[in-house]
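Raw contents of model-v3.txt, compact mmCIF, C-alpha atoms:
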```txt
# COMPACT_ATOMS: atom_id res chain seq x y z
CA MET A 7 -2.54 40.12 29.98
CA ALA A 8 -0.55 42.97 28.48
CA TYR A 9 -0.11 42.72 24.70
CA ASP A 10 2.42 44.39 22.43
CA PHE A 11 -0.43 45.76 20.30
CA ASP A 12 -4.17 46.27 20.59
CA LEU A 13 -4.52 45.45 16.87
CA PHE A 14 -2.11 43.67 14.55
CA VAL A 15 -3.07 44.00 10.88
CA ILE A 16 -1.68 41.56 8.32
CA GLY A 17 -1.78 43.23 4.91
CA ALA A 18 -1.35 46.89 3.95
CA GLY A 19 -3.98 47.01 1.24
CA SER A 20 -6.96 49.33 1.19
CA GLY A 21 -8.95 47.62 3.94
CA GLY A 22 -6.00 46.91 6.22
CA VAL A 23 -4.62 50.43 6.00
CA ARG A 24 -8.04 51.96 6.66
CA ALA A 25 -8.62 49.78 9.71
CA ALA A 26 -5.11 50.47 11.05
CA ARG A 27 -5.24 54.24 10.58
CA PHE A 28 -8.60 54.71 12.20
CA ALA A 29 -7.93 52.27 15.02
CA ALA A 30 -4.77 54.26 15.80
CA GLY A 31 -6.80 57.45 15.60
CA PHE A 32 -9.18 56.00 18.17
CA GLY A 33 -6.25 55.53 20.55
CA ALA A 34 -5.32 51.91 19.86
CA LYS A 35 -1.73 50.70 19.59
CA VAL A 36 -1.53 49.27 16.08
CA ALA A 37 0.97 47.41 13.91
CA VAL A 38 0.74 46.56 10.20
CA ALA A 39 2.82 43.89 8.49
CA GLU A 40 3.21 43.82 4.70
CA SER A 41 5.48 41.56 2.67
CA ARG A 42 4.91 42.99 -0.80
CA TYR A 43 3.76 46.52 -1.53
CA LEU A 44 1.93 49.23 0.35
CA GLY A 45 -1.55 49.87 -1.00
CA GLY A 46 -2.26 46.26 -1.90
CA THR A 47 -3.62 44.96 -5.19
CA CYS A 48 -5.62 48.08 -6.06
CA VAL A 49 -2.73 50.52 -5.94
CA ASN A 50 -0.02 48.26 -7.36
CA VAL A 51 -1.49 45.66 -9.73
CA GLY A 52 -5.17 46.50 -9.82
CA CYS A 53 -7.58 49.36 -10.27
CA VAL A 54 -5.12 52.27 -10.23
CA PRO A 55 -2.53 51.14 -12.80
CA LYS A 56 -5.29 49.50 -14.83
CA LYS A 57 -7.18 52.80 -15.08
CA LEU A 58 -3.97 54.54 -16.20
CA LEU A 59 -3.58 51.96 -18.98
CA VAL A 60 -7.24 52.43 -19.91
CA TYR A 61 -6.62 56.17 -20.27
CA GLY A 62 -3.69 55.36 -22.54
CA ALA A 63 -5.81 53.06 -24.68
CA HIS A 64 -8.47 55.78 -25.10
CA VAL A 65 -6.01 58.16 -26.76
CA ALA A 66 -6.35 56.24 -30.03
CA ASP A 67 -10.10 56.94 -30.01
CA GLU A 68 -9.53 60.64 -29.43
CA MET A 69 -7.08 60.79 -32.31
CA GLU A 70 -9.51 58.98 -34.60
CA GLN A 71 -12.30 61.41 -33.76
CA ALA A 72 -10.14 64.54 -33.99
CA SER A 73 -10.56 65.02 -37.75
CA GLY A 74 -14.29 65.53 -37.34
CA TYR A 75 -13.49 68.56 -35.23
CA GLY A 76 -11.06 70.08 -37.68
CA TRP A 77 -7.81 68.71 -36.30
CA THR A 78 -5.20 67.27 -38.63
CA LEU A 79 -2.83 65.07 -36.69
CA GLU A 80 0.34 63.40 -37.80
CA GLU A 81 0.31 59.64 -37.49
CA GLY A 82 0.76 58.85 -33.83
CA HIS A 83 3.36 56.50 -32.38
CA PHE A 84 2.73 54.64 -29.15
CA ASP A 85 5.60 53.63 -26.86
CA TRP A 86 4.70 50.99 -24.28
CA GLY A 87 7.89 51.56 -22.31
CA THR A 88 7.07 55.22 -21.71
CA LEU A 89 3.56 54.40 -20.48
CA ILE A 90 4.83 51.71 -18.08
CA ALA A 91 7.65 53.89 -16.76
CA ASN A 92 5.23 56.75 -16.08
CA LYS A 93 2.80 54.33 -14.47
CA ASN A 94 5.56 52.95 -12.24
CA ARG A 95 6.52 56.43 -11.11
CA GLU A 96 2.93 57.17 -10.12
CA ILE A 97 2.61 53.89 -8.21
CA GLU A 98 5.84 54.65 -6.32
CA ARG A 99 4.37 58.02 -5.37
CA LEU A 100 1.22 56.33 -4.06
CA ASN A 101 3.30 53.79 -2.12
CA GLY A 102 4.94 56.73 -0.36
CA ILE A 103 1.57 58.27 0.43
CA TYR A 104 0.37 55.02 2.01
CA ARG A 105 3.56 54.79 4.05
CA ASN A 106 3.09 58.35 5.33
CA LEU A 107 -0.58 57.73 6.12
CA LEU A 108 0.37 54.82 8.35
CA VAL A 109 3.44 56.31 10.01
CA ASN A 110 1.81 59.70 10.59
CA SER A 111 -1.13 57.92 12.22
CA GLY A 112 1.22 56.38 14.77
CA VAL A 113 1.05 52.89 13.29
CA THR A 114 4.09 50.61 13.57
CA LEU A 115 4.92 49.42 10.05
CA LEU A 116 6.69 46.06 9.73
CA GLN A 117 7.85 45.08 6.25
CA GLY A 118 8.04 41.30 6.09
CA HIS A 119 5.91 38.16 5.87
CA ALA A 120 3.59 37.77 8.85
CA ARG A 121 2.52 34.35 10.05
CA ILE A 122 -0.02 33.76 12.79
CA THR A 123 1.35 31.45 15.49
CA GLY A 124 -1.60 31.54 17.87
CA ALA A 125 -4.82 33.31 18.68
CA HIS A 126 -2.91 36.34 19.97
CA GLU A 127 0.50 35.99 18.36
CA VAL A 128 2.11 36.89 15.01
CA GLU A 129 5.62 36.19 13.80
CA VAL A 130 7.34 38.51 11.32
CA ASP A 131 10.77 37.51 10.02
CA GLY A 132 11.51 35.43 13.10
CA LYS A 133 10.32 37.96 15.68
CA ARG A 134 7.11 37.37 17.58
CA TYR A 135 4.54 39.98 18.59
CA SER A 136 1.48 39.61 20.79
CA ALA A 137 -1.82 41.33 20.03
CA ALA A 138 -5.22 41.56 21.65
CA ASN A 139 -6.77 41.42 18.18
CA ILE A 140 -5.45 40.28 14.81
CA LEU A 141 -6.91 41.43 11.50
CA ILE A 142 -6.33 39.44 8.31
CA ALA A 143 -6.46 41.68 5.23
CA THR A 144 -4.16 39.83 2.84
CA GLY A 145 -6.32 40.19 -0.27
CA GLY A 146 -6.56 37.89 -3.27
CA TRP A 147 -4.31 36.34 -5.88
CA PRO A 148 -4.94 35.47 -9.56
CA HIS A 149 -5.91 31.87 -10.26
CA VAL A 150 -4.72 30.07 -13.38
CA PRO A 151 -6.24 26.65 -14.20
CA ASP A 152 -3.92 23.69 -13.86
CA ILE A 153 -3.26 22.91 -17.52
CA PRO A 154 -0.04 21.86 -19.27
CA GLY A 155 2.01 24.97 -20.01
CA LYS A 156 0.22 27.23 -17.53
CA GLU A 157 3.61 28.67 -16.49
CA LEU A 158 3.83 30.24 -19.97
CA ALA A 159 0.74 32.38 -19.31
CA ILE A 160 0.63 35.68 -17.43
CA THR A 161 -1.95 37.27 -15.11
CA SER A 162 -2.75 40.82 -14.13
CA ASN A 163 0.22 40.68 -11.72
CA GLU A 164 2.67 40.42 -14.61
CA ALA A 165 0.78 42.41 -17.25
CA PHE A 166 1.68 45.75 -15.67
CA TYR A 167 5.39 44.99 -16.00
CA LEU A 168 5.67 43.56 -19.52
CA LYS A 169 8.83 44.83 -21.21
CA GLU A 170 7.00 45.47 -24.47
CA LEU A 171 3.46 45.41 -25.84
CA PRO A 172 2.72 41.95 -27.28
CA ARG A 173 1.74 41.92 -30.95
CA ARG A 174 -0.84 39.15 -30.54
CA VAL A 175 -2.71 38.56 -27.27
CA LEU A 176 -5.16 35.90 -26.14
CA VAL A 177 -7.16 37.01 -23.10
CA VAL A 178 -8.84 34.10 -21.29
CA GLY A 179 -11.79 34.76 -18.99
CA GLY A 180 -15.22 36.31 -18.85
CA GLY A 181 -15.11 38.61 -15.83
CA TYR A 182 -14.47 42.32 -15.65
CA ILE A 183 -10.68 41.93 -15.49
CA ALA A 184 -10.63 39.92 -18.73
CA VAL A 185 -12.91 42.38 -20.50
CA GLU A 186 -10.92 45.40 -19.29
CA PHE A 187 -7.53 44.02 -20.29
CA ALA A 188 -8.81 42.89 -23.67
CA GLY A 189 -9.84 46.50 -24.27
CA ILE A 190 -6.48 47.81 -23.05
CA PHE A 191 -4.43 45.51 -25.27
CA GLN A 192 -6.59 46.16 -28.32
CA GLY A 193 -6.76 49.92 -27.70
CA LEU A 194 -2.97 50.11 -27.53
CA GLY A 195 -2.60 48.29 -30.84
CA ALA A 196 -2.32 44.57 -30.11
CA ASP A 197 -4.23 41.99 -32.15
CA THR A 198 -6.52 40.80 -29.36
CA SER A 199 -8.84 37.82 -28.91
CA LEU A 200 -11.03 37.21 -25.89
CA LEU A 201 -11.79 33.57 -25.09
CA TYR A 202 -14.46 32.57 -22.60
CA ARG A 203 -15.80 29.14 -21.74
CA GLY A 204 -19.39 30.40 -21.27
CA ASP A 205 -22.07 31.69 -23.63
CA LEU A 206 -21.46 35.38 -22.88
CA PHE A 207 -19.07 37.30 -20.64
CA LEU A 208 -19.83 39.32 -17.47
CA ARG A 209 -22.10 36.76 -15.84
CA GLY A 210 -24.21 38.45 -13.16
CA PHE A 211 -24.45 41.78 -14.99
CA ASP A 212 -27.70 42.89 -16.60
CA GLY A 213 -28.47 40.98 -19.80
CA SER A 214 -28.94 44.14 -21.86
CA VAL A 215 -25.55 45.42 -20.70
CA ARG A 216 -23.78 42.17 -21.59
CA THR A 217 -25.31 41.98 -25.05
CA HIS A 218 -24.74 45.66 -25.80
CA LEU A 219 -21.06 45.51 -24.82
CA LYS A 220 -20.57 42.40 -26.97
CA GLU A 221 -21.99 44.26 -29.97
CA GLU A 222 -19.81 47.31 -29.37
CA LEU A 223 -16.63 45.27 -28.96
CA GLU A 224 -17.38 43.48 -32.20
CA LYS A 225 -17.81 46.85 -33.92
CA ARG A 226 -14.30 47.68 -32.74
CA GLY A 227 -13.00 44.53 -34.36
CA MET A 228 -12.28 42.52 -31.25
CA ASP A 229 -12.25 38.75 -31.80
CA LEU A 230 -14.70 37.24 -29.30
CA GLN A 231 -14.69 33.49 -28.86
CA PHE A 232 -17.37 32.07 -26.56
CA ASN A 233 -17.95 28.46 -25.43
CA THR A 234 -14.25 27.77 -25.84
CA ASP A 235 -11.32 27.10 -23.55
CA ILE A 236 -7.60 26.31 -23.71
CA GLN A 237 -6.50 22.72 -23.15
CA ARG A 238 -2.73 23.29 -23.19
CA ILE A 239 -0.07 25.90 -24.01
CA ASP A 240 3.18 25.16 -25.82
CA GLN A 241 6.09 27.43 -26.69
CA GLN A 242 7.11 27.48 -30.34
CA ALA A 243 10.67 27.62 -31.71
CA ASP A 244 10.26 31.31 -32.56
CA GLY A 245 9.20 32.15 -29.00
CA SER A 246 5.51 32.45 -29.76
CA LEU A 247 2.87 30.49 -27.85
CA LYS A 248 0.50 27.91 -29.27
CA ALA A 249 -2.78 27.51 -27.43
CA THR A 250 -4.53 24.23 -28.16
CA LEU A 251 -8.25 24.64 -27.60
CA LYS A 252 -10.56 21.95 -26.29
CA ASP A 253 -12.15 21.60 -29.73
CA GLY A 254 -8.73 20.64 -31.11
CA SER A 255 -8.02 23.90 -32.94
CA ASP A 256 -4.91 26.03 -32.36
CA ARG A 257 -4.33 29.73 -31.74
CA ILE A 258 -0.92 31.40 -31.97
CA ALA A 259 -0.10 34.38 -29.75
CA ASP A 260 2.83 36.25 -28.25
CA CYS A 261 1.07 36.57 -24.89
CA ILE A 262 -1.66 34.53 -23.18
CA PHE A 263 -3.29 36.47 -20.36
CA TYR A 264 -5.43 34.61 -17.83
CA ALA A 265 -8.18 36.36 -15.89
CA THR A 266 -10.10 33.33 -14.67
CA GLY A 267 -10.81 34.33 -11.11
CA ARG A 268 -8.94 35.10 -7.92
CA ARG A 269 -8.41 33.13 -4.73
CA PRO A 270 -7.95 34.38 -1.15
CA MET A 271 -4.26 34.85 -0.33
CA LEU A 272 -3.85 32.60 2.70
CA ASP A 273 -0.48 31.04 1.82
CA ASP A 274 1.72 30.32 4.86
CA LEU A 275 -0.55 32.46 7.03
CA GLY A 276 -0.61 29.96 9.90
CA LEU A 277 -4.37 29.59 10.16
CA GLU A 278 -3.87 25.98 11.25
CA THR A 279 -2.55 27.29 14.58
CA THR A 280 -5.91 28.94 15.28
CA GLY A 281 -9.60 28.14 15.29
CA VAL A 282 -10.21 30.15 12.10
CA GLU A 283 -12.49 28.27 9.69
CA LEU A 284 -12.97 28.60 5.94
CA ASP A 285 -16.32 28.46 4.18
CA GLU A 286 -17.23 26.02 1.42
CA ARG A 287 -15.65 28.33 -1.21
CA GLY A 288 -12.32 28.57 0.62
CA TYR A 289 -12.78 32.08 2.03
CA ILE A 290 -12.41 32.97 5.73
CA ARG A 291 -15.72 32.62 7.53
CA VAL A 292 -16.71 35.75 9.48
CA ASP A 293 -19.77 37.07 11.28
CA ASP A 294 -21.48 40.44 10.82
CA HIS A 295 -18.63 42.16 12.69
CA TYR A 296 -15.91 40.43 10.60
CA ARG A 297 -14.95 38.25 13.54
CA THR A 298 -13.72 34.81 12.53
CA THR A 299 -14.43 31.58 14.40
CA GLU A 300 -11.38 32.48 16.52
CA ALA A 301 -12.70 35.26 18.76
CA SER A 302 -9.54 37.40 18.67
CA ILE A 303 -9.05 37.24 14.90
CA PHE A 304 -10.91 39.31 12.32
CA ALA A 305 -10.83 39.31 8.52
CA LEU A 306 -12.05 41.60 5.76
CA GLY A 307 -11.77 42.36 2.06
CA ASP A 308 -11.05 39.80 -0.63
CA VAL A 309 -10.19 37.04 1.88
CA ILE A 310 -13.83 36.86 3.03
CA GLY A 311 -15.25 36.74 -0.50
CA ARG A 312 -18.20 39.09 -0.12
CA VAL A 313 -18.04 42.07 -2.51
CA GLN A 314 -14.48 42.27 -3.78
CA LEU A 315 -14.19 45.99 -4.45
CA THR A 316 -11.75 48.50 -2.98
CA PRO A 317 -14.41 50.89 -1.58
CA VAL A 318 -16.11 47.93 0.11
CA ALA A 319 -12.84 46.90 1.78
CA LEU A 320 -12.43 50.50 2.96
CA ALA A 321 -15.91 50.43 4.49
CA GLU A 322 -15.21 47.08 6.14
CA GLY A 323 -11.94 48.41 7.55
CA MET A 324 -13.74 51.37 9.06
CA ALA A 325 -16.39 49.06 10.52
CA VAL A 326 -13.78 46.85 12.21
CA ALA A 327 -11.95 49.84 13.71
CA ARG A 328 -15.17 51.30 15.07
CA HIS A 329 -16.47 47.98 16.37
CA LEU A 330 -13.28 47.36 18.35
CA PHE A 331 -12.29 50.84 19.50
CA LYS A 332 -15.19 53.27 18.96
CA PRO A 333 -18.39 51.21 19.23
CA GLU A 334 -20.58 54.28 19.75
CA GLN A 335 -19.76 55.27 16.14
CA TYR A 336 -20.22 51.79 14.67
CA ARG A 337 -22.28 51.45 11.50
CA ALA A 338 -22.74 48.17 9.65
CA VAL A 339 -21.64 48.02 6.02
CA ASP A 340 -24.64 48.06 3.67
CA TYR A 341 -23.97 45.71 0.78
CA GLN A 342 -27.10 46.76 -1.12
CA ASN A 343 -26.98 49.19 -4.06
CA ILE A 344 -23.21 49.33 -4.37
CA PRO A 345 -22.31 51.28 -7.53
CA THR A 346 -19.59 49.77 -9.66
CA ALA A 347 -17.91 50.26 -13.00
CA VAL A 348 -16.20 48.08 -15.57
CA PHE A 349 -13.56 50.06 -17.45
CA SER A 350 -14.16 48.26 -20.71
CA GLN A 351 -14.26 50.20 -23.97
CA PRO A 352 -16.95 51.48 -23.87
CA PRO A 353 -17.20 51.39 -20.05
CA ILE A 354 -20.04 50.05 -17.91
CA GLY A 355 -21.63 51.69 -14.89
CA THR A 356 -24.20 49.85 -12.81
CA VAL A 357 -26.00 50.11 -9.47
CA GLY A 358 -28.87 48.15 -7.96
CA LEU A 359 -30.70 45.13 -9.32
CA THR A 360 -30.41 43.78 -12.83
CA GLU A 361 -33.62 43.02 -14.69
CA GLU A 362 -33.02 39.32 -14.09
CA GLN A 363 -32.40 39.80 -10.35
CA ALA A 364 -35.51 41.93 -9.96
CA LEU A 365 -37.69 39.31 -11.63
CA GLN A 366 -36.12 36.53 -9.58
CA ALA A 367 -36.84 38.50 -6.40
CA GLY A 368 -40.53 38.60 -7.34
CA HIS A 369 -40.83 42.21 -8.47
CA LYS A 370 -43.27 43.16 -11.19
CA VAL A 371 -41.02 45.39 -13.26
CA GLN A 372 -41.12 48.09 -15.87
CA ILE A 373 -38.05 48.40 -18.08
CA PHE A 374 -36.90 51.70 -19.57
CA GLU A 375 -34.10 51.57 -22.13
CA SER A 376 -32.47 54.06 -24.44
CA ARG A 377 -29.80 53.45 -27.09
CA PHE A 378 -28.30 56.47 -28.82
CA ARG A 379 -25.20 57.77 -30.55
CA ALA A 380 -23.42 60.21 -28.25
CA MET A 381 -23.36 63.84 -29.34
CA LYS A 382 -19.57 63.86 -29.45
CA LEU A 383 -19.64 61.26 -32.21
CA THR A 384 -22.05 63.07 -34.52
CA LEU A 385 -19.21 64.88 -36.33
CA THR A 386 -17.26 61.63 -36.75
CA ASP A 387 -17.73 58.33 -38.54
CA VAL A 388 -17.79 56.37 -35.27
CA GLN A 389 -21.03 54.43 -34.88
CA GLU A 390 -20.72 53.47 -31.21
CA LYS A 391 -24.00 53.46 -29.28
CA THR A 392 -24.59 54.26 -25.62
CA LEU A 393 -27.04 52.17 -23.59
CA MET A 394 -28.99 53.43 -20.58
CA LYS A 395 -31.46 51.30 -18.66
CA LEU A 396 -33.72 51.67 -15.64
CA VAL A 397 -35.35 48.76 -13.82
CA VAL A 398 -38.45 49.99 -11.96
CA ASP A 399 -40.83 48.25 -9.56
CA ALA A 400 -44.22 48.58 -11.27
CA ASP A 401 -46.15 48.49 -7.99
CA THR A 402 -44.14 50.99 -5.92
CA ASP A 403 -42.51 53.04 -8.73
CA LYS A 404 -39.19 52.61 -6.92
CA VAL A 405 -36.13 52.50 -9.15
CA LEU A 406 -34.46 49.15 -8.49
CA GLY A 407 -31.51 49.39 -10.85
CA CYS A 408 -29.63 51.76 -13.17
CA HIS A 409 -27.30 50.47 -15.88
CA MET A 410 -25.19 52.19 -18.52
CA VAL A 411 -22.72 51.30 -21.25
CA GLY A 412 -21.01 54.34 -22.71
CA PRO A 413 -18.46 57.12 -22.11
CA ASP A 414 -18.13 58.27 -18.48
CA ALA A 415 -20.48 55.53 -17.26
CA GLY A 416 -18.57 55.18 -14.00
CA GLU A 417 -18.71 58.91 -13.31
CA ILE A 418 -22.43 59.10 -14.06
CA ILE A 419 -23.46 56.03 -12.07
CA GLN A 420 -21.94 57.39 -8.84
CA GLY A 421 -24.62 60.05 -8.50
CA LEU A 422 -27.35 57.56 -9.32
CA GLY A 423 -26.01 55.39 -6.53
CA VAL A 424 -26.97 58.14 -4.08
CA ALA A 425 -30.45 58.30 -5.61
CA LEU A 426 -31.01 54.56 -5.24
CA LYS A 427 -29.65 54.61 -1.69
CA ALA A 428 -32.23 57.27 -0.90
CA GLY A 429 -35.03 55.15 -2.39
CA ALA A 430 -35.79 57.35 -5.41
CA THR A 431 -38.87 56.62 -7.51
CA LYS A 432 -39.24 56.81 -11.26
CA GLN A 433 -41.48 59.85 -10.78
CA GLN A 434 -38.66 61.62 -8.93
CA PHE A 435 -36.32 60.76 -11.80
CA ASP A 436 -38.90 62.19 -14.22
CA GLU A 437 -39.30 65.37 -12.18
CA THR A 438 -35.54 65.97 -12.05
CA ILE A 439 -34.45 68.51 -14.66
CA GLY A 440 -31.65 67.23 -16.84
CA VAL A 441 -28.30 68.85 -17.60
CA HIS A 442 -28.36 69.67 -21.32
CA PRO A 443 -26.72 68.67 -23.57
CA THR A 444 -25.26 65.64 -21.82
CA ALA A 445 -25.64 61.90 -22.07
CA ALA A 446 -26.49 61.76 -18.35
CA GLU A 447 -29.79 63.62 -18.86
CA GLU A 448 -31.15 60.56 -20.65
CA PHE A 449 -31.61 58.93 -17.25
CA VAL A 450 -34.24 61.55 -16.34
CA THR A 451 -35.93 61.80 -19.73
CA MET A 452 -36.91 58.15 -20.40
CA ARG A 453 -40.69 58.30 -20.26
CA THR A 454 -42.04 55.15 -21.94
CA ALA A 455 -41.41 51.63 -20.69
CA ILE A 456 -40.27 49.26 -23.42
CA ARG A 457 -41.71 46.26 -21.55
```
Would you kindly transcribe this structure into structure tokens?
Amino acid sequence: MAYDFDLFVIGAGSGGVRAARFAAGFGAKVAVAESRYLGGTCVNVGCVPKKLLVYGAHVADEMEQASGYGWTLEEGHFDWGTLIANKNREIERLNGIYRNLLVNSGVTLLQGHARITGAHEVEVDGKRYSAANILIATGGWPHVPDIPGKELAITSNEAFYLKELPRRVLVVGGGYIAVEFAGIFQGLGADTSLLYRGDLFLRGFDGSVRTHLKEELEKRGMDLQFNTDIQRIDQQADGSLKATLKDGSDRIADCIFYATGRRPMLDDLGLETTGVELDERGYIRVDDHYRTTEASIFALGDVIGRVQLTPVALAEGMAVARHLFKPEQYRAVDYQNIPTAVFSQPPIGTVGLTEEQALQAGHKVQIFESRFRAMKLTLTDVQEKTLMKLVVDADTDKVLGCHMVGPDAGEIIQGLGVALKAGATKQQFDETIGVHPTAAEEFVTMRTAIR
């Protein structure tokens, strides 16, 4: 049977665009349908605009530290509207780049909601297209618990478009998005509280990292409330919001921001017309080649619920394109030792196993840790400490994990990701000459295990 397209991609986020571009480059006839914005969550309401806001929040730190280096600055004034307008202009530029990447690759771009109507058929705004293969790359969507007044709360989708900076903010959640936005709001001048229903945020990260970040956020004056949750939200006569907690106490805020997880975006996708199955968590079930239980339909990225990171979606997109149209170049995605960063303040960089994961996996471990005040802070009154940690297999000397909390952690951890991928040992770390004076050299100068 002749099809309109060899590959029809639903969703123009990072993974979908990568798969489409490279499939077209391999000679396939490709279409992409997108109903919202080119570039997906990351470019529009995720990592890119978030990092721009993080940069903005850091300016206050730079101004505070300037006097130690001889600078006398007039009292600064922050304007939220200027930051958001500049951010919007940059996102529009990136939207254009994504459009050009697709069009210049020979991809047919359809702007509208796509709904699957069969194993080989997709409908976009009333018009039907046939495809030999369909790829679902529709990403995720913020989840807000079903409590009274939940419509009064915002998520990351809305936070980037607030008309003004709220004076008082409650951030609800314990994942990286909650921690990052709490730092953004506080760094830009809002009175910020972080509420989390568990004992300590960032579950799944190394225990030393979690504890260290908690201590540093408390030094900055952030209000951290653990083992607590909101029962209901009510709007007050003056426009403010009252959050009633499960212990019966109240908190008043101008903005309540929820970062309590994300769900796969499968709304009105038409999966019921196919043999596509979901797993027990509600994500699309796929095999090692990202093929769903419907042979002609593939899925990748946040909708499959593996590692929900932009570079992972890019790798999965490349794998799908190669598997379908260039099998001789196919390489499976390796989900081990994926470096990642949390752009908290201070930021986290991590790669490999945590201490807890290493012990659970049966490794006999040696732990190397260093806590120090960064050189840049020695001429200031700032008492922030940097944490660096290595988890080492005591029997093989192989470095199993590297973890950092401190300035430029994300930049530093990228290079260590290469080292762990290559199977570096602690001896090789020790024999590597450091770059002096930097914080990064501490990773190659830790000589004595603390336990």
Practice prompt. Name the closest residue to Gly146 (chain A) among the candidates A:His409, A:Lys332, A:Arg312, A:Arg269; distances are taken between atoms, counting only C-alpha atoms.
Written response: A:Arg269
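Nearest residue to Arg257 (chain A), choosing from A:Ala125, A:Leu171, A:Ile239, A:Ile290 and counting only C-alpha atoms: A:Ile239.
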How big is the axis-aligned box around all listed atoms of region 214-231 of chain A once 8 Å goes on each side, and where's its centre, in Å to one decimal, as AutoDock Vina command-line options?
```
--center_x -20.6 --center_y 40.6 --center_z -27.5 --size_x 32.7 --size_y 30.2 --size_z 29.7
```
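For Asp414 (chain A), the residues within 9 Å (counting all atoms listed in the file, excluding itself and residues fewer than 3 positions away along the chain) are A:Pro352, A:Pro353, A:Ile354, A:Gly355, A:Val411, A:Glu417, A:Ile418, A:Ile419.
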Item to complete: Would you list the contacts of Phe435 (chain A) as a ChimeraX atom specification, taking every protein, DNA or RNA residue within 10 Å and counting all atoms listed in the file, but skipping same-chain residues closer than 2 positions in sequence?
Response: /A:404-405,422,425,430-433,437-440,449-453
Quick one: write out the picked residues with C-alpha atoms as a compact mmCIF listing (two decimals), keeping the file's coordinate frame?
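The resulting selection.txt:
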```
# COMPACT_ATOMS: atom_id res chain seq x y z
CA LYS A 404 -39.19 52.61 -6.92
CA VAL A 405 -36.13 52.50 -9.15
CA LEU A 422 -27.35 57.56 -9.32
CA ALA A 425 -30.45 58.30 -5.61
CA ALA A 430 -35.79 57.35 -5.41
CA THR A 431 -38.87 56.62 -7.51
CA LYS A 432 -39.24 56.81 -11.26
CA GLN A 433 -41.48 59.85 -10.78
CA GLU A 437 -39.30 65.37 -12.18
CA THR A 438 -35.54 65.97 -12.05
CA ILE A 439 -34.45 68.51 -14.66
CA GLY A 440 -31.65 67.23 -16.84
CA PHE A 449 -31.61 58.93 -17.25
CA VAL A 450 -34.24 61.55 -16.34
CA THR A 451 -35.93 61.80 -19.73
CA MET A 452 -36.91 58.15 -20.40
CA ARG A 453 -40.69 58.30 -20.26
```
Worksheet item: Which is closest to Asp285 (chain A) among A:Pro270, A:Gly132, A:Gly145, A:Gly155, if we use only C-alpha atoms?
Response: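 Under the stated criterion, the closest residue is A:Pro270.
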Discussion item. Please list, as a PyMOL selection string, the residues that have an atom at most 7 Å away from (-3.2, 42.9, 16.9) in the coordinates of this file, counting only C-alpha atoms.
Written reply: chain A and resi 11-15+36-37+136-141
Please write the residues from the selection above to a file, keeping C-alpha atoms, as a compact mmCIF listing (two decimals), keeping the file's coordinate frame.
```
# COMPACT_ATOMS: atom_id res chain seq x y z
CA PHE A 11 -0.43 45.76 20.30
CA ASP A 12 -4.17 46.27 20.59
CA LEU A 13 -4.52 45.45 16.87
CA PHE A 14 -2.11 43.67 14.55
CA VAL A 15 -3.07 44.00 10.88
CA VAL A 36 -1.53 49.27 16.08
CA ALA A 37 0.97 47.41 13.91
CA SER A 136 1.48 39.61 20.79
CA ALA A 137 -1.82 41.33 20.03
CA ALA A 138 -5.22 41.56 21.65
CA ASN A 139 -6.77 41.42 18.18
CA ILE A 140 -5.45 40.28 14.81
CA LEU A 141 -6.91 41.43 11.50
```
Discussion item. Under the rule that only C-alpha atoms are counted, which of A:Phe331, A:Phe378, A:Phe166, A:Phe187 is the nearest residue to Ala25 (chain A)?
Written reply: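 The closest residue to Ala25 (chain A) is A:Phe331.
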Worksheet item: Can you list, as a ChimeraX atom specification, every protein, DNA or RNA residue that comes within 9 Å of region 210-212 of chain A when you count all atoms listed in the file, leaving out same-chain residues fewer than 4 positions away?
Response: /A:216-217,356,359-363,409
Grab the residues selected above and save them as a PDB file, in the coordinates of the input with C-alpha atoms.
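Ended up saving to out_34.pdb:
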```pdb
ATOM      1  CA  ARG A 216     -23.780  42.170 -21.590  1.00  0.00           C
ATOM      2  CA  THR A 217     -25.310  41.980 -25.050  1.00  0.00           C
ATOM      3  CA  THR A 356     -24.200  49.850 -12.810  1.00  0.00           C
ATOM      4  CA  LEU A 359     -30.700  45.130  -9.320  1.00  0.00           C
ATOM      5  CA  THR A 360     -30.410  43.780 -12.830  1.00  0.00           C
ATOM      6  CA  GLU A 361     -33.620  43.020 -14.690  1.00  0.00           C
ATOM      7  CA  GLU A 362     -33.020  39.320 -14.090  1.00  0.00           C
ATOM      8  CA  GLN A 363     -32.400  39.800 -10.350  1.00  0.00           C
ATOM      9  CA  HIS A 409     -27.300  50.470 -15.880  1.00  0.00           C
TER      10      HIS A 409
END
```
Fill in: Selection near Asp401 (chain A), 10 Å with only C-alpha atoms, sequence-local residues under 2 positions removed, as a PyMOL selection string
chain A and resi 369-372+398-399+403-404
Worksheet, complete the sentence: With distances taken over all atoms listed in the file, the candidate from A:Cys53, A:Leu219, A:Ala34, A:Leu168 nearest Thr88 (chain A) is A:Leu168
Item to complete: Could you please determine the separation between CA of Arg95 (chain A) and CA of Thr47 (chain A) in Å, to one decimal place?
Response: 16.4 Å
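Here the question is which of A:Val215, A:Leu284, A:Leu230, A:Ile90 gets nearest to Ala184 (chain A) using all atoms listed in the file, and that residue is A:Leu230.
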Item to complete: Report the distance between CA of Trp86 (chain A) and CA of Gln389 (chain A) in Å, rounded to one decimal place.
Response: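 The value is 28.0 Å.
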Fill in: Shell around Gly31 (chain A) at 12 Å using all atoms listed in the file, local window under 5 positions removed, as number ranges by chain
A: 24-26, 36, 107-113, 324, 327-328, 331-332
